[in-house]
$ cat protein_29.txt   # compact mmCIF, C-alpha atoms
# COMPACT_ATOMS: atom_id res chain seq x y z
CA MET A 1 14.09 -15.36 -27.13
CA THR A 2 13.64 -16.53 -23.58
CA THR A 3 13.31 -14.25 -20.63
CA PRO A 4 14.55 -15.62 -17.34
CA ALA A 5 11.90 -15.45 -14.66
CA ARG A 6 12.13 -12.65 -12.08
CA LEU A 7 14.10 -10.30 -14.31
CA PRO A 8 12.36 -7.02 -15.00
CA THR A 9 10.65 -7.30 -18.36
CA ARG A 10 10.14 -3.58 -18.88
CA GLN A 11 12.24 -0.52 -18.40
CA LEU A 12 12.76 0.38 -14.76
CA ILE A 13 11.32 3.87 -15.04
CA ALA A 14 7.73 3.52 -16.24
CA PRO A 15 7.09 6.11 -18.97
CA ASP A 16 4.07 7.61 -17.22
CA VAL A 17 5.91 8.16 -13.95
CA PRO A 18 8.35 11.03 -13.33
CA ARG A 19 12.07 10.51 -13.24
CA PHE A 20 12.67 11.38 -9.61
CA ASP A 21 15.92 13.11 -8.78
CA THR A 22 17.58 10.79 -6.29
CA SER A 23 21.09 12.14 -6.76
CA GLY A 24 22.88 13.40 -3.71
CA LEU A 25 21.21 11.01 -1.26
CA ALA A 26 23.60 9.36 1.19
CA PRO A 27 23.25 5.55 1.21
CA ALA A 28 21.79 5.52 4.72
CA THR A 29 19.25 8.19 3.74
CA ARG A 30 18.35 6.31 0.60
CA ASP A 31 17.72 3.11 2.58
CA ALA A 32 15.63 4.92 5.18
CA LEU A 33 13.61 6.63 2.47
CA ALA A 34 13.06 3.33 0.64
CA GLU A 35 11.69 1.83 3.86
CA LEU A 36 9.36 4.80 4.40
CA LEU A 37 8.13 4.60 0.81
CA LEU A 38 7.41 0.91 1.22
CA THR A 39 5.15 1.60 4.21
CA LEU A 40 3.33 4.39 2.34
CA ALA A 41 2.93 2.24 -0.77
CA ASP A 42 1.81 -0.90 1.05
CA ASP A 43 -0.76 1.04 3.10
CA GLU A 44 -2.34 2.61 0.03
CA PHE A 45 -2.11 -0.63 -1.96
CA VAL A 46 -3.87 -2.75 0.65
CA ALA A 47 -6.43 -0.01 1.43
CA GLY A 48 -7.13 0.35 -2.30
CA PHE A 49 -7.62 -3.38 -2.84
CA ARG A 50 -9.96 -3.52 0.14
CA ASP A 51 -11.98 -0.64 -1.33
CA SER A 52 -12.20 -2.45 -4.66
CA GLU A 53 -13.78 -5.44 -2.91
CA TRP A 54 -16.96 -3.32 -2.74
CA THR A 55 -17.21 -2.91 -6.50
CA GLY A 56 -20.55 -4.39 -7.47
CA ILE A 57 -21.69 -5.27 -3.96
CA ALA A 58 -21.83 -1.95 -2.08
CA PRO A 59 -25.13 -1.16 -0.36
CA MET A 60 -26.07 1.25 -3.14
CA LEU A 61 -25.02 1.95 -6.70
CA GLU A 62 -23.54 5.35 -5.79
CA GLU A 63 -21.20 3.63 -3.36
CA ASP A 64 -20.15 1.06 -5.96
CA VAL A 65 -18.97 4.02 -8.01
CA ALA A 66 -17.50 5.95 -5.09
CA PHE A 67 -15.51 3.06 -3.63
CA SER A 68 -14.27 1.97 -7.04
CA SER A 69 -13.08 5.51 -7.72
CA ILE A 70 -11.42 5.79 -4.31
CA ALA A 71 -9.76 2.41 -4.90
CA GLN A 72 -8.39 3.67 -8.20
CA ASP A 73 -6.98 6.76 -6.47
CA GLU A 74 -5.34 4.74 -3.70
CA ILE A 75 -3.77 2.20 -6.02
CA GLY A 76 -2.52 5.13 -8.10
CA HIS A 77 -0.87 6.57 -4.99
CA ALA A 78 0.64 3.19 -4.15
CA ARG A 79 2.02 2.87 -7.64
CA VAL A 80 3.82 6.19 -7.58
CA PHE A 81 5.34 5.34 -4.18
CA TYR A 82 6.45 1.90 -5.45
CA GLU A 83 7.91 3.50 -8.59
CA MET A 84 9.74 6.13 -6.53
CA ARG A 85 11.18 3.36 -4.38
CA ALA A 86 12.16 1.42 -7.51
CA GLN A 87 14.27 4.35 -8.64
CA LEU A 88 16.06 4.30 -5.27
CA THR A 89 16.57 0.57 -4.92
CA GLY A 90 16.61 -0.77 -8.48
CA GLU A 91 13.91 -3.28 -7.60
CA GLU A 92 11.11 -3.26 -10.14
CA ALA A 93 7.86 -1.80 -8.79
CA ASP A 94 5.59 -4.66 -9.91
CA ARG A 95 7.87 -7.17 -8.29
CA THR A 96 7.62 -5.22 -5.02
CA ALA A 97 3.86 -4.86 -5.27
CA TYR A 98 3.03 -8.44 -6.29
CA GLY A 99 6.12 -10.57 -5.82
CA ARG A 100 6.53 -10.68 -2.04
CA GLN A 101 5.36 -13.23 0.48
CA PRO A 102 2.54 -12.03 2.80
CA HIS A 103 4.82 -11.52 5.81
CA GLU A 104 7.08 -9.21 3.78
CA TYR A 105 4.41 -6.52 3.38
CA ARG A 106 4.78 -3.46 5.61
CA HIS A 107 1.24 -2.03 5.74
CA ALA A 108 -0.22 -1.09 9.10
CA ARG A 109 -1.91 -3.85 11.06
CA LEU A 110 -5.13 -1.78 10.99
CA LEU A 111 -5.44 -2.75 7.31
CA ASP A 112 -5.13 -6.49 8.01
CA HIS A 113 -8.74 -6.59 9.15
CA PRO A 114 -11.14 -7.89 6.49
CA ARG A 115 -13.68 -5.46 5.09
CA ASN A 116 -16.59 -7.05 7.00
CA ASP A 117 -19.85 -5.07 6.77
CA TRP A 118 -20.36 -1.54 5.49
CA ALA A 119 -20.23 0.15 8.89
CA TYR A 120 -17.02 -1.72 9.69
CA THR A 121 -15.48 -0.66 6.39
CA ILE A 122 -16.41 2.99 6.95
CA THR A 123 -15.14 2.97 10.54
CA ARG A 124 -11.76 1.38 9.77
CA ARG A 125 -11.35 3.43 6.61
CA TRP A 126 -12.10 6.65 8.51
CA LEU A 127 -9.48 5.78 11.12
CA TYR A 128 -6.93 5.05 8.41
CA ASP A 129 -7.66 8.19 6.39
CA THR A 130 -7.60 10.53 9.39
CA ALA A 131 -4.21 9.01 10.33
CA ASP A 132 -2.98 9.18 6.74
CA ALA A 133 -3.93 12.87 6.55
CA VAL A 134 -1.74 13.67 9.56
CA ARG A 135 1.12 11.63 8.12
CA LEU A 136 0.85 13.30 4.70
CA GLU A 137 0.85 16.72 6.35
CA ALA A 138 4.16 15.76 8.00
CA LEU A 139 5.60 14.75 4.62
CA ALA A 140 4.37 17.78 2.70
CA GLY A 141 7.45 19.79 3.64
CA SER A 142 9.86 16.90 3.16
CA SER A 143 13.44 17.79 2.25
CA PHE A 144 13.24 15.11 -0.45
CA ALA A 145 11.51 17.32 -3.03
CA PRO A 146 10.05 14.52 -5.22
CA LEU A 147 8.23 13.12 -2.18
CA ALA A 148 6.96 16.56 -1.10
CA GLU A 149 5.67 17.18 -4.63
CA VAL A 150 3.81 13.88 -4.91
CA VAL A 151 2.38 14.31 -1.42
CA ALA A 152 1.07 17.78 -2.32
CA LYS A 153 -0.82 16.23 -5.22
CA ILE A 154 -2.08 13.26 -3.21
CA ARG A 155 -3.44 15.48 -0.41
CA ARG A 156 -5.70 17.24 -2.90
CA GLU A 157 -7.27 13.88 -3.75
CA GLU A 158 -7.42 12.55 -0.21
CA ARG A 159 -9.60 15.49 0.92
CA TYR A 160 -12.44 14.01 -1.10
CA HIS A 161 -12.00 10.57 0.45
CA LEU A 162 -11.95 11.94 3.97
CA LEU A 163 -15.00 14.11 3.37
CA HIS A 164 -16.83 11.07 2.01
CA LEU A 165 -15.86 8.79 4.88
CA ASP A 166 -16.56 11.42 7.51
CA THR A 167 -20.02 12.03 6.06
CA TRP A 168 -20.74 8.30 6.24
CA LEU A 169 -19.38 7.93 9.75
CA GLY A 170 -21.62 10.78 10.92
CA ARG A 171 -24.62 9.35 9.09
CA LEU A 172 -24.24 5.87 10.56
CA ALA A 173 -23.29 6.99 14.07
CA GLY A 174 -26.20 9.44 14.15
CA HIS A 175 -28.75 6.75 13.37
CA PRO A 176 -29.81 4.91 16.54
CA GLY A 177 -30.17 1.15 16.26
CA PRO A 178 -28.19 -1.18 14.02
CA PRO A 179 -26.19 1.51 12.10
CA ARG A 180 -24.85 3.12 15.27
CA ASP A 181 -24.39 -0.22 17.04
CA LYS A 182 -22.35 -1.58 14.14
CA VAL A 183 -20.05 1.45 14.18
CA ALA A 184 -19.59 1.05 17.94
CA ASP A 185 -18.83 -2.68 17.50
CA ALA A 186 -16.36 -1.98 14.71
CA LEU A 187 -14.57 0.62 16.84
CA GLU A 188 -14.23 -1.87 19.64
CA THR A 189 -12.55 -4.35 17.31
CA VAL A 190 -10.26 -2.04 15.32
CA LEU A 191 -9.32 0.71 17.79
CA PRO A 192 -6.54 -1.33 19.43
CA ASP A 193 -4.84 -1.49 16.00
CA ALA A 194 -5.59 2.03 14.80
CA ALA A 195 -2.31 3.58 15.96
CA SER A 196 -0.36 0.95 13.98
CA VAL A 197 -0.32 3.47 11.10
CA PHE A 198 2.24 5.34 13.22
CA ALA A 199 4.38 2.34 14.13
CA PRO A 200 7.98 3.57 14.48
CA LEU A 201 10.12 3.02 11.40
CA PRO A 202 13.45 1.18 11.73
CA ALA A 203 15.44 4.15 10.40
CA GLU A 204 13.18 6.90 11.69
CA ASP A 205 16.08 8.80 13.32
CA ARG A 206 17.74 9.13 9.95
CA LEU A 207 14.51 10.41 8.33
CA LEU A 208 14.14 13.00 11.08
CA ALA A 209 17.78 14.07 10.96
CA ASP A 210 17.52 14.58 7.20
CA ALA A 211 14.17 16.40 7.51
CA ILE A 212 12.49 13.88 5.23
CA LEU A 213 9.89 13.38 7.94
CA ALA A 214 8.85 16.46 9.95
CA ALA A 215 8.14 14.80 13.32
CA PRO A 216 8.54 11.41 15.02
CA MET A 217 5.75 8.93 14.34
CA ALA A 218 4.85 8.97 18.06
CA ASP A 219 4.24 12.75 17.87
CA LEU A 220 2.13 12.32 14.74
CA ALA A 221 0.11 9.65 16.52
CA ALA A 222 -0.61 12.08 19.36
CA ARG A 223 -1.65 14.80 16.91
CA TRP A 224 -3.95 12.38 15.09
CA ARG A 225 -5.47 11.10 18.33
CA THR A 226 -6.41 14.64 19.40
CA GLN A 227 -8.02 15.43 16.05
CA ALA A 228 -9.82 12.12 15.64
CA ASN A 229 -11.01 12.04 19.25
CA THR A 230 -12.61 15.48 18.86
CA ARG A 231 -14.77 14.07 16.08
CA LEU A 232 -15.46 10.78 17.88
CA ASN A 233 -16.48 12.78 20.94
CA GLU A 234 -18.88 14.87 18.83
CA LEU A 235 -20.49 11.63 17.69
CA ASP A 236 -20.49 10.31 21.25
CA LEU A 237 -18.32 7.35 20.27
CA ARG A 238 -15.54 5.51 22.05
CA GLN A 239 -12.22 7.39 22.23
CA ILE A 240 -8.89 6.26 20.84
CA PRO A 241 -6.86 5.16 23.88
CA ASP A 242 -3.80 7.14 24.83
CA ALA A 243 -1.07 4.63 24.03
CA ALA A 244 2.19 4.67 22.10
CA PRO A 245 2.00 3.23 18.57
CA PRO A 246 2.85 -0.49 18.65
CA ALA A 247 6.50 -1.17 17.78
CA ASP A 248 5.45 -4.23 15.77
CA GLY A 249 2.49 -2.50 14.06
CA ARG A 250 3.93 -3.15 10.60
CA ARG A 251 5.84 -6.37 11.18
CA ARG A 252 4.48 -9.81 10.38
CA ASP A 253 5.54 -13.19 11.59
CA GLU A 254 5.83 -15.62 8.69
CA ALA A 255 3.93 -18.25 10.63
CA ALA A 256 1.20 -15.92 11.82
CA VAL A 257 0.04 -13.64 9.01
CA ALA A 258 -3.49 -12.42 9.76
CA GLU A 259 -6.07 -14.41 7.81
CA GLY A 260 -7.74 -11.15 6.73
CA PHE A 261 -4.60 -10.16 4.85
CA ARG A 262 -3.58 -13.61 3.63
CA SER A 263 -6.84 -14.06 1.74
CA LEU A 264 -6.57 -10.59 0.19
CA TRP A 265 -2.95 -11.31 -0.79
CA ASP A 266 -4.02 -14.61 -2.39
CA GLU A 267 -6.38 -12.68 -4.58
CA PHE A 268 -4.33 -9.63 -5.56
CA THR A 269 -1.20 -11.67 -6.37
CA SER A 270 -2.99 -14.52 -8.13
CA VAL A 271 -2.45 -13.19 -11.66
CA TYR A 272 1.19 -12.29 -10.99
CA ARG A 273 1.90 -15.69 -9.47
CA SER A 274 0.19 -17.58 -12.27
CA GLU A 275 3.08 -16.87 -14.67
CA GLU A 276 5.96 -15.12 -13.00
CA GLY A 277 8.15 -12.92 -15.15
CA VAL A 278 5.51 -12.36 -17.79
CA GLU A 279 4.60 -8.85 -18.85
CA TRP A 280 0.83 -8.40 -18.76
CA MET B 1 3.95 28.59 -19.50
CA SER B 2 0.94 29.77 -21.44
CA PRO B 3 1.00 28.81 -25.11
CA THR B 4 0.10 32.35 -26.20
CA VAL B 5 3.24 33.91 -24.80
CA ALA B 6 5.66 31.50 -26.46
CA VAL B 7 7.82 33.59 -28.74
CA ARG B 8 9.97 30.92 -30.35
CA PRO B 9 8.39 29.75 -33.59
CA LEU B 10 9.24 26.07 -33.16
CA GLU B 11 7.81 26.00 -29.64
CA SER B 12 4.70 27.85 -30.82
CA ALA B 13 4.26 25.27 -33.54
CA VAL B 14 4.55 22.46 -31.01
CA TRP B 15 1.98 24.10 -28.73
CA ALA B 16 -0.35 24.47 -31.73
CA ALA B 17 0.14 20.81 -32.67
CA LEU B 18 -0.64 19.72 -29.12
CA GLU B 19 -4.08 21.25 -29.51
CA ASP B 20 -4.82 18.28 -31.77
CA VAL B 21 -4.24 15.87 -28.90
CA HIS B 22 -7.37 15.31 -26.86
CA ASP B 23 -8.18 13.90 -23.47
CA PRO B 24 -9.34 10.33 -24.22
CA GLU B 25 -11.87 10.53 -21.38
CA ILE B 26 -13.27 13.95 -22.38
CA PRO B 27 -12.50 14.23 -26.10
CA ALA B 28 -13.94 17.76 -26.37
CA VAL B 29 -10.91 19.16 -24.58
CA SER B 30 -7.31 19.21 -25.80
CA VAL B 31 -4.37 18.50 -23.54
CA VAL B 32 -3.42 22.18 -23.88
CA ASP B 33 -6.85 23.44 -22.78
CA LEU B 34 -6.85 20.93 -19.95
CA GLY B 35 -3.63 22.49 -18.69
CA VAL B 36 -1.89 19.11 -18.71
CA VAL B 37 1.02 20.40 -20.80
CA GLY B 38 3.39 21.90 -18.25
CA ARG B 39 6.29 22.87 -20.46
CA VAL B 40 7.55 22.63 -24.02
CA GLU B 41 11.19 22.90 -25.00
CA ALA B 42 12.01 22.72 -28.67
CA ALA B 43 15.32 22.91 -30.47
CA PRO B 44 16.17 21.63 -33.93
CA GLY B 45 16.16 17.85 -33.72
CA ARG B 46 14.85 17.67 -30.18
CA VAL B 47 11.49 18.34 -28.55
CA ARG B 48 10.77 17.86 -24.89
CA VAL B 49 7.29 18.05 -23.39
CA GLU B 50 6.37 17.84 -19.75
CA LEU B 51 2.92 16.51 -18.83
CA LEU B 52 1.24 17.12 -15.47
CA PRO B 53 -1.13 14.34 -14.33
CA THR B 54 -4.61 15.54 -13.34
CA PHE B 55 -4.80 12.71 -10.80
CA VAL B 56 -1.87 10.66 -9.53
CA GLY B 57 -3.34 7.40 -10.82
CA CYS B 58 -4.96 8.74 -13.98
CA PRO B 59 -5.09 5.85 -16.47
CA ALA B 60 -5.60 8.28 -19.38
CA LEU B 61 -2.13 9.73 -18.86
CA GLU B 62 -0.31 6.94 -20.65
CA VAL B 63 -2.73 7.28 -23.58
CA MET B 64 -2.14 11.05 -23.70
CA ARG B 65 1.60 10.55 -23.46
CA GLY B 66 1.59 8.18 -26.42
CA ALA B 67 -0.67 10.49 -28.44
CA VAL B 68 1.59 13.49 -27.74
CA GLU B 69 4.62 11.49 -28.84
CA ASP B 70 2.88 10.41 -32.05
CA ARG B 71 1.70 13.94 -32.85
CA LEU B 72 5.18 15.43 -32.41
CA ARG B 73 7.12 12.79 -34.33
CA ASP B 74 7.38 15.05 -37.39
CA PHE B 75 8.91 17.89 -35.39
CA ALA B 76 12.14 16.22 -34.33
CA ASP B 77 14.07 12.96 -34.36
CA GLU B 78 14.13 12.99 -30.62
CA VAL B 79 10.77 13.49 -28.92
CA GLU B 80 10.80 13.20 -25.17
CA VAL B 81 7.54 13.24 -23.22
CA GLU B 82 8.00 13.24 -19.48
CA VAL B 83 5.61 13.26 -16.58
CA SER B 84 6.16 15.60 -13.64
CA PHE B 85 4.63 16.50 -10.29
CA ALA B 86 7.08 19.37 -9.76
CA GLN B 87 4.30 21.85 -10.47
CA PRO B 88 1.05 20.25 -9.38
CA TRP B 89 -1.80 20.20 -11.86
CA THR B 90 -4.81 21.96 -10.39
CA SER B 91 -8.21 22.44 -11.97
CA ASP B 92 -7.36 26.16 -12.24
CA ARG B 93 -5.01 25.22 -15.08
CA ILE B 94 -7.95 24.54 -17.39
CA THR B 95 -8.01 27.44 -19.87
CA PRO B 96 -11.09 29.68 -20.40
CA ARG B 97 -11.56 27.93 -23.76
CA GLY B 98 -11.25 24.55 -22.03
CA ARG B 99 -13.94 25.57 -19.53
CA GLU B 100 -16.19 26.67 -22.38
CA ARG B 101 -15.67 23.39 -24.24
CA LEU B 102 -16.40 21.39 -21.11
CA ARG B 103 -19.68 23.25 -20.70
CA HIS B 104 -20.61 22.63 -24.34
CA SER B 105 -20.10 18.91 -23.93
CA GLY B 106 -22.27 18.69 -20.83
CA PHE B 107 -19.69 19.09 -18.07
CA ALA B 108 -19.82 21.81 -15.46
CA PRO B 109 -16.34 23.33 -15.32
CA PRO B 110 -14.65 23.11 -11.93
CA PRO B 111 -15.17 26.00 -9.53
CA ARG B 112 -12.15 28.23 -9.03
CA LEU B 113 -9.76 26.98 -6.42
CA VAL B 114 -9.83 28.65 -3.03
CA ASP B 115 -7.03 26.92 -1.20
CA ASP B 116 -7.57 28.07 2.34
CA GLY B 117 -5.83 25.05 3.82
CA ARG B 118 -8.98 23.51 5.21
CA LEU B 119 -8.84 19.75 5.41
CA LEU B 120 -12.43 19.42 4.29
CA PRO B 121 -13.43 22.02 1.74
CA LEU B 122 -17.12 22.69 1.39
CA LEU B 123 -18.28 21.15 -1.83
CA PRO B 124 -19.22 24.06 -4.04
CA VAL B 125 -22.39 24.42 -6.05
CA ALA B 126 -22.12 23.41 -9.69
CA GLU B 127 -23.82 25.34 -12.44
CA CYS B 128 -25.94 23.19 -14.75
CA PRO B 129 -24.22 23.10 -18.16
CA TYR B 130 -27.62 22.70 -19.88
CA CYS B 131 -29.80 25.45 -18.38
CA GLY B 132 -27.32 27.50 -16.33
CA SER B 133 -29.25 26.98 -13.09
CA ARG B 134 -27.35 26.93 -9.82
CA ASN B 135 -30.22 25.05 -8.23
CA THR B 136 -28.31 21.75 -8.38
CA THR B 137 -27.45 18.99 -5.95
CA LEU B 138 -24.37 16.81 -5.60
CA GLU B 139 -25.34 13.19 -6.21
CA ASN B 140 -21.88 11.69 -5.87
CA ALA B 141 -18.47 13.27 -5.35
CA PHE B 142 -17.11 10.26 -7.26
CA GLY B 143 -18.05 9.73 -10.87
CA PRO B 144 -17.19 7.55 -13.87
CA THR B 145 -13.58 8.73 -13.86
CA GLN B 146 -11.33 10.02 -11.06
CA CYS B 147 -11.75 13.66 -12.12
CA ARG B 148 -15.55 13.76 -12.38
CA ALA B 149 -18.41 14.24 -9.88
CA ILE B 150 -22.11 13.64 -10.53
CA TYR B 151 -24.77 16.34 -10.01
CA HIS B 152 -28.48 16.71 -10.67
CA CYS B 153 -30.19 19.89 -11.85
CA THR B 154 -33.37 20.55 -9.91
CA ASP B 155 -34.67 22.97 -12.56
CA CYS B 156 -34.18 21.14 -15.87
CA ARG B 157 -34.04 17.74 -14.15
CA GLN B 158 -30.96 16.73 -16.01
CA PRO B 159 -28.15 14.75 -14.43
CA PHE B 160 -24.74 16.12 -15.36
CA GLU B 161 -21.11 15.77 -14.45
CA GLN B 162 -18.70 18.29 -13.07
CA PHE B 163 -14.98 18.33 -13.61
CA LYS B 164 -13.79 18.20 -10.01
CA LEU B 165 -12.05 20.95 -8.16
CA VAL B 166 -8.59 19.58 -7.44

$ encode --input "protein_29.txt" --output "structure tokens"
Amino acid sequence: MTTPARLPTRQLIAPDVPRFDTSGLAPATRDALAELLLTLADDEFVAGFRDSEWTGIAPMLEEDVAFSSIAQDEIGHARVFYEMRAQLTGEEADRTAYGRQPHEYRHARLLDHPRNDWAYTITRRWLYDTADAVRLEALAGSSFAPLAEVVAKIRREERYHLLHLDTWLGRLAGHPGPPRDKVADALETVLPDAASVFAPLPAEDRLLADAILAAPMADLAARWRTQANTRLNELDLRQIPDAAPPADGRRRDEAAVAEGFRSLWDEFTSVYRSEEGVEW
Amino acid sequence: MSPTVAVRPLESAVWAALEDVHDPEIPAVSVVDLGVVGRVEAAPGRVRVELLPTFVGCPALEVMRGAVEDRLRDFADEVEVEVSFAQPWTSDRITPRGRERLRHSGFAPPPRLVDDGRLLPLLPVAECPYCGSRNTTLENAFGPTQCRAIYHCTDCRQPFEQFKLV
């Protein structure tokens, strides 16, 4: 028996993922929701793969374990978002996760940056997780019950990540000399992209009208900035500038995909691309 | 919800059978004691079980799902095992017997959940499962699996794991 390439080779609803009730969604709502889920999934997927790059080479054994565990959590979150989207769109989750070209991914530009050194990783990761926490809070009361339910579960896990990253940020920033300098340098590089997590979504109005998202991304960005700046101020670090989230914060030009993401993409899609259509 | 209050004999029998299915990562504890079984519906010819993931990306879930299906095959022609987030699994779902079994196999049971809405909960003290001391320190909030943290007992000098508060 031959299986044509690109056709799903397993059932669309993975057996260890809930059957989400998507009945009663208007087509425009369904499309807007699918777009939102793609941004959530891509963010967690790319963040998780970046975390896994530290497996075996973190500055200490405890961090090898911690970052590997966090990576596993994040990729788990990504998977459930991809699977939820698959049930809305009919496109198989693995194909979405591994079968796109680099410019088709919708993660925030903040996550394009390579992992660089430990202080850089902690700094960028802290910015992403503080932003993600505000975004998840805004989704916790979503009118789309399956999303609200998954988000409730995810927030319980994310608290551990944020606590871990915040502890590290404080530890590094509070240590004069190279640790503090490296955090300050990292902030200088990544801060201009930090608000990209809140880049406006194409169908945001629809998500707001249907109460799938509690507040506009621009409002969430302002909320996050206030919270994060309080902590940065405590640590006597540079503040997040007061600017609207970049409209193109999740869009990529085919000809100009950031090298930091292209190399990660090369790696995480290499198995999938080696024999497309095969079930691993 | 609790297996002990099930009054229908077939459902009671299914709950009892599920006690034979163990967590592959912590074999001392059954899926019932872990609180992973959310619901059982049983009618002649058809059994439906709902499982609640401990962590969203728990790789043991698919193993548990398969084991539940295998264990229940004799009960009905149609055995349906579904996964749900509709009621979130929390570490408070672990039964008193589950907590006791965790302790016996060297795991500190999770502290009781105090969900006061704080973004960053204080990490609670774990009680050493070997000597009962509370004079312990958190070594790593992340352990060998998603649901486990690593502690060290200052009194008996034994490293141990805690099932995380989630």

$ residues_near_point --input "protein_29.txt" --point "(6.2, 15.2, -13.8)" --cutoff "12 Å" --atoms "all atoms listed in the file" --output "ChimeraX atom specification"
/A:15-21,80,146-147,149-150,153 /B:36-39,49-56,61,65,81-89

$ residues_around --input "protein_29.txt" --residues "B:Glu100" --least-positions-apart "4" --cutoff "12 Å" --atoms "only C-alpha atoms" --output "list in words"
Ala28, Val29, Asp33, Leu34, Ile94, Thr95, Pro96, His104, Ser105, Gly106, Phe107, Ala108, Pro109, Pro110 and Pro129 of chain B

$ residues_around --input "protein_29.txt" --residues "B:Ala16" --least-positions-apart "4" --cutoff "12 Å" --atoms "all atoms listed in the file" --output "NGL selection string"
:B and (2-4 or 6 or 9-12 or 20-21 or 30-33 or 37 or 40 or 68 or 71-72 or 75)

$ residues_around --input "protein_29.txt" --residues "stretch 250-256 of chain A" --least-positions-apart "4" --cutoff "12 Å" --atoms "all atoms listed in the file" --output "MDAnalysis selection string"
chainID A and resid 35:36 38:40 42:43 100:112 193:202 245:246 260:262

$ closest_residue --input "protein_29.txt" --among "A:Ser143, A:Ser23, A:Thr130, A:Thr123" --to "chain B" --atoms "all atoms listed in the file"
A:Thr130

$ closest_residue --input "protein_29.txt" --among "B:Val166, B:Leu113, B:Cys128, B:Leu102" --to "chain A" --atoms "all atoms listed in the file"
B:Val166

$ residues_near_point --input "protein_29.txt" --point "(-17.8, 16.5, -11.7)" --cutoff "10 Å" --atoms "all atoms listed in the file" --output "JSON, numbers by chain"
{"B": [107, 108, 109, 110, 126, 138, 139, 140, 141, 142, 143, 144, 145, 146, 147, 148, 149, 150, 151, 160, 161, 162, 163, 164, 165]}

$ closest_atom_pairs --input "protein_29.txt" --of "chain A" --to "chain B" --cutoff "10 Å" --atoms "only C-alpha atoms" --output "tab-separated table"
residue	atom	partner	partner_atom	distance
A:Ala14	CA	B:Glu62	CA	9.8
A:Pro15	CA	B:Glu82	CA	7.2
A:Asp16	CA	B:Glu62	CA	5.6
A:Val17	CA	B:Val83	CA	5.7
A:Pro18	CA	B:Val83	CA	4.8
A:Arg19	CA	B:Val83	CA	7.8
A:Phe20	CA	B:Ser84	CA	8.7
A:Glu62	CA	B:Asn140	CA	6.6
A:Glu63	CA	B:Asn140	CA	8.5
A:Asp64	CA	B:Phe142	CA	9.8
A:Val65	CA	B:Gly143	CA	6.5
A:Ala66	CA	B:Phe142	CA	4.8
A:Phe67	CA	B:Phe142	CA	8.2
A:Ser68	CA	B:Phe142	CA	8.8
A:Ser69	CA	B:Gln146	CA	5.9
A:Ile70	CA	B:Phe142	CA	7.8
A:Ala71	CA	B:Gln146	CA	9.9
A:Gln72	CA	B:Gly57	CA	6.8
A:Asp73	CA	B:Gly57	CA	5.7
A:Glu74	CA	B:Gly57	CA	7.9
A:Ile75	CA	B:Gly57	CA	7.1
A:Gly76	CA	B:Gly57	CA	3.6
A:His77	CA	B:Val56	CA	6.2
A:Ala78	CA	B:Gly57	CA	8.8
A:Arg79	CA	B:Gly57	CA	7.7
A:Val80	CA	B:Val56	CA	7.5
A:Ala133	CA	B:Leu119	CA	8.5
A:Ala145	CA	B:Ala86	CA	8.3
A:Pro146	CA	B:Ala86	CA	7.3
A:Leu147	CA	B:Phe85	CA	9.5
A:Ala148	CA	B:Ala86	CA	9.1
A:Glu149	CA	B:Ala86	CA	5.8
A:Val150	CA	B:Phe85	CA	6.0
A:Val151	CA	B:Phe85	CA	9.4
A:Ala152	CA	B:Pro88	CA	7.5
A:Lys153	CA	B:Pro88	CA	6.1
A:Ile154	CA	B:Val56	CA	6.8
A:Arg155	CA	B:Leu119	CA	9.0
A:Arg156	CA	B:Val166	CA	5.9
A:Glu157	CA	B:Val166	CA	6.9
A:Glu158	CA	B:Leu119	CA	9.2
A:Arg159	CA	B:Leu120	CA	5.9
A:Tyr160	CA	B:Ala141	CA	7.4
A:His161	CA	B:Ala141	CA	9.1
A:Leu162	CA	B:Leu120	CA	7.5
A:Leu163	CA	B:Leu120	CA	6.0
A:His164	CA	B:Ala141	CA	7.9
A:Asp166	CA	B:Leu120	CA	9.6

$ closest_residue --input "protein_29.txt" --among "A:Leu220, A:Leu33, A:Gly24, A:Arg50" --to "A:Ser263" --atoms "only C-alpha atoms"
A:Arg50

$ residues_around --input "protein_29.txt" --residues "A:Arg85" --least-positions-apart "4" --cutoff "8 Å" --atoms "all atoms listed in the file" --output "mmCIF file with C-alpha atoms, keeping the file's coordinate frame"
data_model
loop_
_atom_site.group_PDB
_atom_site.id
_atom_site.type_symbol
_atom_site.label_atom_id
_atom_site.label_comp_id
_atom_site.auth_asym_id
_atom_site.auth_seq_id
_atom_site.Cartn_x
_atom_site.Cartn_y
_atom_site.Cartn_z
ATOM 1 C CA LEU A 33 13.610 6.630 2.470
ATOM 2 C CA ALA A 34 13.060 3.330 0.640
ATOM 3 C CA LEU A 37 8.130 4.600 0.810
ATOM 4 C CA LEU A 38 7.410 0.910 1.220
ATOM 5 C CA PHE A 81 5.340 5.340 -4.180
ATOM 6 C CA THR A 89 16.570 0.570 -4.920
ATOM 7 C CA GLY A 90 16.610 -0.770 -8.480
ATOM 8 C CA GLU A 91 13.910 -3.280 -7.600
ATOM 9 C CA ALA A 93 7.860 -1.800 -8.790
#

$ residues_around --input "protein_29.txt" --residues "A:Ala211" --least-positions-apart "4" --cutoff "10 Å" --atoms "all atoms listed in the file" --output "JSON list (two decimals) with C-alpha atoms, in the frame of the given file"
[["chain", "number", "residue", "atom", "x", "y", "z"],
["A", 139, "LEU", "CA", 5.60, 14.75, 4.62],
["A", 141, "GLY", "CA", 7.45, 19.79, 3.64],
["A", 142, "SER", "CA", 9.86, 16.90, 3.16],
["A", 143, "SER", "CA", 13.44, 17.79, 2.25],
["A", 144, "PHE", "CA", 13.24, 15.11, -0.45],
["A", 205, "ASP", "CA", 16.08, 8.80, 13.32],
["A", 206, "ARG", "CA", 17.74, 9.13, 9.95],
["A", 207, "LEU", "CA", 14.51, 10.41, 8.33],
["A", 215, "ALA", "CA", 8.14, 14.80, 13.32]]
